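> Please find input-v7.txt (compact mmCIF, C-alpha atoms) on the next line:
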# COMPACT_ATOMS: atom_id res chain seq x y z
CA MET A 1 111.83 74.44 15.81
CA SER A 2 114.45 73.12 13.38
CA PRO A 3 113.59 73.19 9.66
CA GLU A 4 113.64 69.37 9.58
CA MET A 5 111.18 69.15 12.42
CA GLN A 6 108.96 71.78 10.87
CA GLN A 7 108.90 69.77 7.67
CA VAL A 8 107.84 66.56 9.42
CA LEU A 9 105.20 68.44 11.39
CA ALA A 10 103.81 70.00 8.21
CA GLU A 11 103.66 66.57 6.59
CA LYS A 12 101.89 65.18 9.66
CA LEU A 13 99.30 67.97 9.62
CA LEU A 14 98.73 67.45 5.93
CA SER A 15 98.10 63.73 6.45
CA MET A 16 95.62 64.54 9.24
CA ALA A 17 93.84 67.08 7.05
CA ASP A 18 93.72 64.80 4.01
CA ASP A 19 92.26 61.96 6.09
CA GLU A 20 89.38 64.15 7.21
CA LEU A 21 88.77 65.68 3.80
CA VAL A 22 88.67 62.41 1.89
CA LEU A 23 86.42 60.76 4.46
CA ALA A 24 84.13 63.81 4.48
CA HIS A 25 83.83 63.57 0.71
CA ARG A 26 82.98 59.87 0.80
CA ASN A 27 80.37 60.48 3.50
CA SER A 28 78.86 63.37 1.57
CA GLU A 29 78.08 60.87 -1.19
CA TRP A 30 75.29 59.59 1.08
CA THR A 31 73.50 62.93 0.96
CA GLY A 32 70.17 62.12 -0.65
CA HIS A 33 70.95 58.38 -0.77
CA ALA A 34 71.11 57.07 2.80
CA PRO A 35 68.76 54.20 3.68
CA ILE A 36 66.58 56.37 5.94
CA LEU A 37 66.06 60.12 6.16
CA GLU A 38 67.53 60.40 9.67
CA GLU A 39 70.77 58.82 8.52
CA ASP A 40 70.85 60.97 5.43
CA ILE A 41 70.84 63.96 7.77
CA ALA A 42 73.28 62.41 10.23
CA PHE A 43 75.85 61.38 7.62
CA THR A 44 75.68 64.76 5.95
CA ASN A 45 76.28 66.44 9.32
CA ILE A 46 79.15 64.12 10.12
CA ALA A 47 80.68 64.88 6.72
CA LEU A 48 80.42 68.58 7.49
CA ASP A 49 82.07 68.10 10.88
CA GLU A 50 84.99 66.20 9.38
CA MET A 51 85.30 68.93 6.76
CA GLY A 52 85.48 71.43 9.65
CA HIS A 53 88.25 69.40 11.22
CA ALA A 54 90.08 69.22 7.89
CA ARG A 55 89.83 73.00 7.73
CA ILE A 56 91.51 73.27 11.13
CA TRP A 57 94.40 70.96 10.15
CA TYR A 58 94.88 72.63 6.74
CA GLY A 59 94.94 75.95 8.63
CA LEU A 60 97.74 74.75 10.91
CA HIS A 61 99.55 73.36 7.85
CA GLN A 62 99.24 76.78 6.22
CA GLU A 63 100.77 78.48 9.28
CA LEU A 64 103.91 76.38 8.78
CA THR A 65 104.12 76.27 4.99
CA GLY A 66 102.11 79.24 3.69
CA ILE A 67 100.13 76.86 1.45
CA ASP A 68 96.55 78.02 1.02
CA PRO A 69 94.05 75.25 1.90
CA ASP A 70 92.13 75.69 -1.37
CA GLU A 71 95.36 75.29 -3.29
CA ALA A 72 96.21 72.17 -1.30
CA ILE A 73 92.79 70.64 -1.85
CA TYR A 74 91.98 71.50 -5.44
CA PHE A 75 95.34 71.55 -7.16
CA ARG A 76 97.28 68.60 -5.80
CA GLU A 77 97.58 65.39 -7.77
CA PRO A 78 96.47 62.10 -6.19
CA ARG A 79 100.04 61.01 -5.48
CA ALA A 80 100.60 64.18 -3.45
CA TYR A 81 97.67 63.32 -1.17
CA ARG A 82 98.61 61.84 2.21
CA ASN A 83 95.34 60.27 3.37
CA ALA A 84 95.20 56.66 4.49
CA ARG A 85 93.83 54.34 1.79
CA LEU A 86 91.07 53.17 4.12
CA LEU A 87 89.34 56.51 3.65
CA GLU A 88 89.40 56.69 -0.15
CA LEU A 89 87.72 53.32 -0.74
CA PRO A 90 84.31 53.69 -2.39
CA ARG A 91 81.46 54.08 0.05
CA GLY A 92 80.19 50.52 -0.42
CA ASP A 93 76.91 49.61 1.26
CA TRP A 94 75.74 51.56 4.25
CA ALA A 95 77.26 49.06 6.71
CA PHE A 96 80.65 49.63 5.08
CA SER A 97 80.42 53.41 5.39
CA LEU A 98 79.08 53.20 8.93
CA VAL A 99 81.79 50.84 10.18
CA ARG A 100 84.48 52.91 8.47
CA GLN A 101 83.14 56.06 10.12
CA TYR A 102 83.00 54.27 13.47
CA PHE A 103 86.62 53.07 13.14
CA PHE A 104 87.71 56.58 12.24
CA ASP A 105 85.69 58.19 15.05
CA VAL A 106 87.38 56.00 17.63
CA PHE A 107 90.74 56.77 16.05
CA GLU A 108 90.11 60.50 16.10
CA MET A 109 88.77 60.39 19.64
CA VAL A 110 91.74 58.53 21.13
CA ARG A 111 94.11 60.79 19.20
CA ALA A 112 92.34 63.98 20.30
CA GLU A 113 92.44 62.84 23.95
CA ARG A 114 96.20 62.52 23.73
CA LEU A 115 96.76 65.63 21.64
CA LEU A 116 95.20 67.67 24.46
CA GLU A 117 98.61 67.30 26.13
CA SER A 118 100.62 68.13 22.98
CA ALA A 119 103.68 70.30 23.55
CA TYR A 120 102.83 72.02 20.24
CA ARG A 121 100.16 74.37 21.47
CA PRO A 122 98.16 74.75 18.23
CA LEU A 123 97.66 70.97 18.16
CA ALA A 124 96.49 70.91 21.78
CA GLU A 125 94.08 73.77 21.13
CA ALA A 126 92.67 72.12 18.00
CA ALA A 127 92.21 68.85 19.87
CA ALA A 128 90.22 70.62 22.59
CA LYS A 129 87.92 71.97 19.90
CA ILE A 130 87.52 68.69 18.01
CA ARG A 131 87.07 66.27 20.90
CA PRO A 132 83.54 67.21 22.04
CA GLU A 133 82.32 67.10 18.43
CA GLU A 134 83.76 63.63 18.03
CA LEU A 135 81.79 62.51 21.09
CA TYR A 136 78.61 63.03 19.09
CA HIS A 137 79.96 60.99 16.18
CA TYR A 138 81.20 58.23 18.41
CA ARG A 139 77.92 57.99 20.26
CA HIS A 140 75.99 57.83 17.01
CA THR A 141 78.14 55.35 15.08
CA HIS A 142 78.66 53.12 18.12
CA THR A 143 74.90 52.89 18.63
CA TRP A 144 74.43 51.96 14.99
CA LEU A 145 77.20 49.36 15.13
CA GLN A 146 75.31 47.62 17.93
CA ARG A 147 71.98 47.98 16.20
CA LEU A 148 73.28 46.51 12.94
CA GLY A 149 75.34 43.80 14.61
CA LEU A 150 72.48 42.67 16.83
CA GLY A 151 69.75 43.33 14.28
CA THR A 152 68.66 40.94 11.56
CA ASP A 153 70.70 38.17 9.96
CA GLU A 154 71.23 40.40 6.98
CA SER A 155 72.35 43.47 8.93
CA SER A 156 74.71 41.34 11.02
CA ARG A 157 76.14 39.61 7.94
CA ARG A 158 76.69 42.88 6.10
CA THR A 159 78.29 44.52 9.14
CA GLN A 160 80.69 41.63 9.65
CA SER A 161 81.57 41.75 5.93
CA ALA A 162 82.29 45.47 6.32
CA VAL A 163 84.55 44.84 9.32
CA ASP A 164 86.40 42.11 7.39
CA ALA A 165 86.78 44.25 4.28
CA LEU A 166 88.02 47.31 6.17
CA TRP A 167 90.35 45.48 8.52
CA PRO A 168 93.36 45.05 6.19
CA HIS A 169 93.36 48.81 5.55
CA VAL A 170 92.68 50.22 8.98
CA PHE A 171 96.13 49.89 10.52
CA GLN A 172 97.65 52.28 8.05
CA LEU A 173 96.04 54.99 10.18
CA PHE A 174 98.55 54.20 12.91
CA GLU A 175 101.69 53.88 10.79
CA PRO A 176 104.09 56.67 11.69
CA LEU A 177 105.30 58.91 8.88
CA PRO A 178 108.99 58.80 7.94
CA GLY A 179 110.83 60.81 10.59
CA GLU A 180 107.81 61.11 12.87
CA GLU A 181 109.86 60.08 15.91
CA VAL A 182 111.18 63.66 16.21
CA LEU A 183 107.60 64.82 16.81
CA VAL A 184 107.01 62.04 19.34
CA ASN A 185 110.26 62.82 21.18
CA ALA A 186 109.29 66.49 21.37
CA GLY A 187 105.91 65.57 22.85
CA PHE A 188 104.09 67.04 19.85
CA VAL A 189 102.20 63.89 18.84
CA PRO A 190 101.46 60.63 20.69
CA GLU A 191 103.32 57.46 19.88
CA SER A 192 101.50 55.46 17.21
CA ILE A 193 101.63 52.24 19.15
CA ALA A 194 99.85 53.87 22.11
CA LEU A 195 97.06 55.04 19.80
CA GLU A 196 96.77 51.64 18.17
CA THR A 197 96.57 49.85 21.52
CA ALA A 198 93.90 52.22 22.84
CA TRP A 199 91.96 51.96 19.59
CA LYS A 200 92.03 48.17 19.51
CA LYS A 201 90.85 47.87 23.09
CA ILE A 202 87.74 49.94 22.36
CA ILE A 203 87.06 48.21 19.04
CA GLN A 204 87.45 44.74 20.51
CA GLU A 205 84.86 45.46 23.21
CA ALA A 206 82.49 47.15 20.79
CA LEU A 207 82.60 44.34 18.24
CA ALA A 208 82.07 41.73 20.95
CA GLY A 209 79.15 43.77 22.32
CA ALA A 210 77.62 43.86 18.85
CA GLY A 211 77.95 40.11 18.31
CA LEU A 212 80.70 40.62 15.74
CA HIS A 213 84.18 39.20 15.69
CA MET A 214 87.49 40.93 15.29
CA PRO A 215 89.53 39.60 12.35
CA ALA A 216 93.12 38.47 12.81
CA GLN A 217 95.76 41.19 12.72
CA PRO A 218 96.74 41.72 9.08
CA ALA A 219 100.30 41.94 7.87
CA ALA A 220 101.49 45.56 7.82
CA SER A 221 99.88 47.29 4.86
CA PRO A 222 102.46 47.88 2.17
CA GLY A 223 103.54 51.33 1.11
CA GLY A 224 103.23 54.59 3.01
CA ARG A 225 100.76 57.39 2.53
CA THR A 226 102.21 58.22 -0.88
CA GLU A 227 100.63 55.06 -2.32
CA HIS A 228 96.97 55.18 -3.29
CA THR A 229 94.34 53.07 -4.97
CA ALA A 230 92.80 54.19 -8.26
CA HIS A 231 89.72 55.21 -6.26
CA LEU A 232 91.41 58.36 -5.00
CA ALA A 233 91.94 59.64 -8.53
CA ASP A 234 88.23 59.16 -9.24
CA LEU A 235 87.26 60.92 -6.04
CA LEU A 236 89.57 63.87 -6.71
CA ALA A 237 88.44 64.16 -10.32
CA GLU A 238 84.97 64.86 -9.01
CA MET A 239 86.04 67.07 -6.12
CA GLN A 240 88.52 69.15 -8.10
CA GLY A 241 86.68 69.38 -11.43
CA VAL A 242 84.90 72.69 -10.96
CA ALA A 243 87.82 74.46 -9.28
CA ARG A 244 90.16 73.40 -12.09
CA ALA A 245 87.76 74.31 -14.86
CA ASN A 246 87.37 77.80 -13.38
CA PRO A 247 90.46 78.66 -11.33
CA GLY A 248 89.79 81.47 -8.86
CA ALA A 249 86.03 81.29 -9.37
CA GLU A 250 83.93 82.11 -6.31
CA TRP A 251 80.62 80.54 -5.45
CA MET B 252 88.22 107.77 17.91
CA ILE B 253 85.97 104.77 18.41
CA ALA B 254 84.83 103.58 21.81
CA GLU B 255 84.96 99.87 22.57
CA GLU B 256 81.36 100.07 23.80
CA GLN B 257 80.23 101.28 20.34
CA VAL B 258 81.80 98.22 18.76
CA TRP B 259 80.07 95.84 21.16
CA GLN B 260 76.79 97.60 20.45
CA ALA B 261 77.27 97.32 16.69
CA LEU B 262 78.08 93.62 17.04
CA GLU B 263 74.66 93.08 18.65
CA GLU B 264 73.27 93.57 15.13
CA VAL B 265 75.14 90.55 13.79
CA LYS B 266 73.10 87.38 14.03
CA ASP B 267 73.98 83.77 13.45
CA PRO B 268 72.20 83.25 10.10
CA GLU B 269 71.05 79.80 11.22
CA ILE B 270 69.51 81.24 14.42
CA PRO B 271 68.48 84.75 13.40
CA VAL B 272 67.08 85.70 16.81
CA VAL B 273 70.32 85.86 18.79
CA SER B 274 73.42 87.99 18.25
CA VAL B 275 77.00 86.79 17.99
CA VAL B 276 77.63 88.56 21.31
CA GLU B 277 74.81 86.75 23.12
CA MET B 278 76.00 83.47 21.63
CA GLY B 279 79.47 83.97 23.07
CA ILE B 280 80.98 83.87 19.57
CA VAL B 281 82.70 87.26 19.98
CA ARG B 282 85.48 86.75 22.50
CA ALA B 283 87.20 90.14 22.54
CA VAL B 284 87.24 93.62 21.07
CA ALA B 285 90.38 95.73 20.95
CA VAL B 286 90.36 99.37 19.81
CA GLU B 287 93.41 101.45 19.07
CA GLY B 288 92.48 104.83 17.66
CA LYS B 289 90.47 103.86 14.59
CA ALA B 290 91.88 100.37 14.31
CA VAL B 291 89.60 97.64 15.59
CA THR B 292 90.33 93.97 16.13
CA VAL B 293 87.47 91.60 16.88
CA THR B 294 88.32 88.12 18.08
CA MET B 295 85.73 85.44 17.38
CA THR B 296 85.53 81.70 17.86
CA PRO B 297 83.62 79.10 15.84
CA THR B 298 80.68 77.29 17.41
CA PHE B 299 80.91 73.91 15.68
CA SER B 300 84.13 73.78 13.63
CA GLY B 301 82.30 72.77 10.46
CA CYS B 302 79.64 75.48 10.82
CA PRO B 303 78.99 76.83 7.30
CA ALA B 304 77.75 80.14 8.75
CA LEU B 305 81.21 81.10 10.04
CA ASP B 306 82.31 82.97 6.94
CA VAL B 307 79.03 84.89 6.79
CA MET B 308 79.34 85.94 10.43
CA GLU B 309 82.94 86.98 9.91
CA ARG B 310 81.99 89.16 6.95
CA GLU B 311 79.06 90.66 8.82
CA ILE B 312 81.22 91.49 11.82
CA GLU B 313 83.68 93.24 9.56
CA ARG B 314 80.90 95.15 7.80
CA VAL B 315 79.21 96.55 10.92
CA VAL B 316 82.51 97.56 12.50
CA ARG B 317 83.64 99.26 9.29
CA ALA B 318 80.33 101.14 9.26
CA LEU B 319 81.41 102.80 12.53
CA GLY B 320 84.28 104.39 10.61
CA ALA B 321 86.87 101.94 11.88
CA ALA B 322 89.92 101.21 9.73
CA PRO B 323 91.61 98.86 9.54
CA VAL B 324 89.22 96.20 10.80
CA THR B 325 90.68 92.82 11.65
CA VAL B 326 88.58 89.78 12.49
CA GLU B 327 90.63 87.07 14.12
CA THR B 328 89.45 83.52 14.71
CA VAL B 329 90.70 81.58 17.71
CA LEU B 330 89.92 77.98 18.59
CA TYR B 331 90.88 78.17 22.22
CA PRO B 332 89.26 78.02 24.65
CA PRO B 333 86.77 75.99 22.61
CA TRP B 334 83.32 77.52 22.34
CA SER B 335 80.76 76.04 24.67
CA THR B 336 77.00 76.35 24.86
CA GLU B 337 77.61 77.28 28.51
CA TRP B 338 78.60 80.70 27.14
CA ILE B 339 75.16 81.42 25.66
CA SER B 340 73.60 84.15 27.77
CA GLU B 341 70.40 83.63 29.75
CA THR B 342 68.47 86.10 27.57
CA ALA B 343 69.67 84.28 24.46
CA ARG B 344 68.48 80.97 25.91
CA GLN B 345 65.02 82.46 26.35
CA LYS B 346 65.09 83.78 22.77
CA LEU B 347 66.06 80.34 21.47
CA LYS B 348 63.12 78.86 23.31
CA GLN B 349 60.70 81.44 21.89
CA PHE B 350 62.14 80.70 18.45
CA GLY B 351 61.11 77.04 19.00
CA LEU B 352 64.57 75.68 19.71
CA ALA B 353 64.98 73.91 23.05
CA PRO B 354 67.96 75.62 24.73
CA PRO B 355 71.08 73.48 25.24
CA PRO B 356 71.18 71.58 28.53
CA ARG B 357 73.65 72.89 31.11
CA HIS B 358 76.67 70.67 31.66
CA GLU B 359 79.37 72.80 33.35
CA GLY B 360 82.07 71.27 31.19
CA HIS B 361 80.89 67.65 31.42
CA LEU B 362 79.24 67.24 28.04
CA PRO B 363 78.25 63.53 28.26
CA VAL B 364 75.91 64.23 31.20
CA THR B 365 73.59 65.97 28.77
CA PHE B 366 73.11 62.89 26.60
CA TYR B 367 70.66 61.22 28.95
CA GLU B 368 68.84 64.24 30.41
CA PRO B 369 65.21 64.66 29.44
CA VAL B 370 64.79 67.65 27.12
CA PRO B 371 61.72 69.80 27.84
CA CYS B 372 59.58 70.74 24.86
CA PRO B 373 60.07 74.45 24.02
CA ARG B 374 56.32 74.86 23.46
CA CYS B 375 54.65 73.06 26.38
CA ASP B 376 57.62 72.41 28.73
CA SER B 377 56.68 68.75 28.98
CA LYS B 378 59.53 66.36 29.59
CA ASN B 379 57.57 63.62 27.86
CA THR B 380 59.85 63.90 24.83
CA VAL B 381 62.03 61.53 22.89
CA VAL B 382 65.13 62.02 20.75
CA ARG B 383 64.58 61.21 17.08
CA ASN B 384 68.01 62.09 15.76
CA THR B 385 71.09 63.52 17.44
CA PHE B 386 71.83 65.23 14.11
CA GLY B 387 69.44 67.79 12.67
CA SER B 388 68.96 70.45 10.02
CA THR B 389 72.19 72.19 11.09
CA LEU B 390 75.30 71.00 12.94
CA CYS B 391 74.07 72.60 16.16
CA ARG B 392 70.63 70.98 16.24
CA ALA B 393 69.15 67.64 17.27
CA ILE B 394 65.62 66.47 16.46
CA TYR B 395 63.18 65.56 19.24
CA PHE B 396 59.53 64.66 19.41
CA CYS B 397 57.09 65.89 22.04
CA ASN B 398 54.56 63.22 22.99
CA GLU B 399 52.22 65.85 24.50
CA CYS B 400 52.15 68.20 21.51
CA VAL B 401 52.52 65.24 19.14
CA GLU B 402 54.91 67.44 17.18
CA PRO B 403 58.62 67.33 16.48
CA PHE B 404 60.93 70.07 17.75
CA GLU B 405 64.59 70.90 17.56
CA GLN B 406 67.10 71.28 20.33
CA PHE B 407 70.27 73.34 20.31
CA LYS B 408 72.88 70.67 21.02
CA ALA B 409 75.10 71.07 24.06
CA LEU B 410 78.77 71.56 23.30
Could you write out this structure as structure tokens?

Amino acid sequence: MSPEMQQVLAEKLLSMADDELVLAHRNSEWTGHAPILEEDIAFTNIALDEMGHARIWYGLHQELTGIDPDEAIYFREPRAYRNARLLELPRGDWAFSLVRQYFFDVFEMVRAERLLESAYRPLAEAAAKIRPEELYHYRHTHTWLQRLGLGTDESSRRTQSAVDALWPHVFQLFEPLPGEEVLVNAGFVPESIALETAWKKIIQEALAGAGLHMPAQPAASPGGRTEHTAHLADLLAEMQGVARANPGAEW
Amino acid sequence: MIAEEQVWQALEEVKDPEIPVVSVVEMGIVRAVAVEGKAVTVTMTPTFSGCPALDVMEREIERVVRALGAAPVTVETVLYPPWSTEWISETARQKLKQFGLAPPPRHEGHLPVTFYEPVPCPRCDSKNTVVRNTFGSTLCRAIYFCNECVEPFEQFKAL
């Protein structure tokens, strides 16, 4: 692998890891606060799963760069994070968090299906591990999407509002990183457009099945993964506070 | 000189802290043992990738192998092939049941088939049960309710 390619691959892995970590953190905010006990448990479990997936991607990133995952997580500034902005937005009401998780689950599932064939073996192996776990998420969040969409006027209204609010941010998930075409040409990662098409097909059917409508395609979201909202800084301040106050502490 | 068999035997002592009745060997978590003189390498694989018990199991594996006089001891983690509940031994399935956890349904690699199968209650074997939550007190458990016992129970989720 050329050094240039290795650099793009490391950046790709970091963006994948950061997506999972930031979403896991937002979901963990429901622990003790979800509307019903079963969902409190489910969202906490899903957060833990995504954290497990983050751990896998940070591990692969470490193999290429030598950067320790704890170092990457606790001691990077917000602007060095590479997560999509969709995932750092505050958790909102439960419909907002649920729809976001559902959108991400479908994204991760269609990506994992394609990564199974990755020419970069560690990615293919990780995808084989992650995919069955995502099936549980997908099944859960899809069921809830239907239940909320077809439930009461209020649940349907809130769910549609969540879809509308998330929609302008969601397509950043599919935007290729600068230079990513070398990874696509090498068969390491799937083409973004293929992921986006597969994702939209599933989402369109699911929204229709839940009595919800799909908003119009937004204009491409400005700025790459180096641009963040102020919400990420708040999230990281909480996540990194203890580690920074006591570097090297174990607990 | 350490025999490979001794290492496997020692590993039988290491339990998954979330399911303290079955060993990491019975669970299919230990994939391989390699011995070269006094050097031992144990290869393990995570069950669910977010399982918080992984680090504990890794440390325990290292501890029991070191206690045999092995040095150096290396514990390697591999993701592939991904761990499956199909690897849980028959005796371990019985132990799970006695522990009150319904054993994972068999799926032979086709996980979604398990989603709609009735799950027998580990206490009374009735199939008159209903899923309450596909997520439970740990990543590997789902919550069911037995209509005969009128009691909840947990199932080890198929993976």
> Fewer than 3 positions away in the same chain doesn't count, so skip those; otherwise give me all residues within 7 Å of Ala409 in chain B, counting all atoms listed in the file, as a ChimeraX atom specification.
/B:336,355-356,362
> Keeping only C-alpha atoms, write the selected residues to a file as a compact mmCIF listing (two decimals), in the coordinates of the input.

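What landed in part-v6.txt:
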# COMPACT_ATOMS: atom_id res chain seq x y z
CA THR B 336 77.00 76.35 24.86
CA PRO B 355 71.08 73.48 25.24
CA PRO B 356 71.18 71.58 28.53
CA LEU B 362 79.24 67.24 28.04
> Which neighbours of Glu309 in chain B fall inside 10 Å, counting all atoms listed in the file, when residues of the same chain fewer than 5 positions from it are skipped, and could you give them as a list in words?
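That gives Val265, Val293, Thr294, Met295, Thr296, Pro297, Ala304, Arg314, Thr325, Val326, Glu327 and Thr328 of chain B.
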> Using CA of Pro35 in chain A and CA of Trp94 in chain A as the two end points, give the distance in Å to one decimal.
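These atoms are spaced 7.5 Å apart.
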> Using all atoms listed in the file, select each residue of chain B with any atom at most 7 Å away from an atom of chain A, and give the selection as a PyMOL selection string.
chain B and resi 300-301+330-331+333+384+386-387+390+410
> Taking only C-alpha atoms into account, which of A:Thr226, A:Gln240, A:Thr143, A:Asn27 comes nearest Asn83 in chain A?
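Under the stated criterion, the closest residue is A:Thr226.
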> Taking into account all atoms listed in the file, which residue in the set B:Cys391, B:Ala290, B:Leu319, B:Cys375 is nearest to Ser335 in chain B?
B:Cys391
> To one decimal in Å, tell me the separation between CA of Glu263 in chain B and CA of Val291 in chain B.
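Here the two named atoms are 15.9 Å from each other.
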> Please write as a list in words the list of polymer residues whose atoms come within 12 Å of (99.8, 79.4, 8.7), counting only C-alpha atoms and keeping to the coordinates of the file.
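Looking at atoms near the point gives Ala10, Leu13, Arg55, Ile56, Trp57, Tyr58, Gly59, Leu60, His61, Gln62, Glu63, Leu64, Thr65, Gly66, Ile67, Asp68, Pro69 and Pro122 of chain A.
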> Filtering to C-alpha atoms, could you give me those residues as a CSV table (one decimal), in the frame of the given file?

chain,number,residue,atom,x,y,z
A,10,ALA,CA,103.8,70.0,8.2
A,13,LEU,CA,99.3,68.0,9.6
A,55,ARG,CA,89.8,73.0,7.7
A,56,ILE,CA,91.5,73.3,11.1
A,57,TRP,CA,94.4,71.0,10.2
A,58,TYR,CA,94.9,72.6,6.7
A,59,GLY,CA,94.9,76.0,8.6
A,60,LEU,CA,97.7,74.8,10.9
A,61,HIS,CA,99.6,73.4,7.8
A,62,GLN,CA,99.2,76.8,6.2
A,63,GLU,CA,100.8,78.5,9.3
A,64,LEU,CA,103.9,76.4,8.8
A,65,THR,CA,104.1,76.3,5.0
A,66,GLY,CA,102.1,79.2,3.7
A,67,ILE,CA,100.1,76.9,1.4
A,68,ASP,CA,96.6,78.0,1.0
A,69,PRO,CA,94.0,75.2,1.9
A,122,PRO,CA,98.2,74.8,18.2
> Neighbours of Val370 in chain B within 9 Å (all atoms listed in the file; same-chain residues fewer than 5 positions away dropped), as a PyMOL selection string?
chain B and resi 353-356+376-382+395+406
> Under the rule that only C-alpha atoms are counted, which of A:Leu89, A:Met214, A:Ala230, A:Val8 is the nearest residue to Lys200 in chain A?
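Looking at the shortest contact to Lys200 in chain A, the residue is A:Met214.
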> Please report the interatomic distance between CA of Ser2 in chain A and CA of Leu14 in chain A in Å with one decimal.
18.3 Å
> Calculated over only C-alpha atoms, which of the candidates B:Cys302, B:Val315, B:Leu352, B:Ile394 has the smallest distance to Ala261 in chain B?
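So, comparing all the options, the nearest one is B:Val315.
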> For Val189 in chain A, which residue out of A:Arg82, A:His213, A:Lys12, A:Arg225 is the nearest one, using all atoms listed in the file?
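Comparing A:Arg82, A:His213, A:Lys12, A:Arg225 against Val189 in chain A, the winner is A:Lys12.
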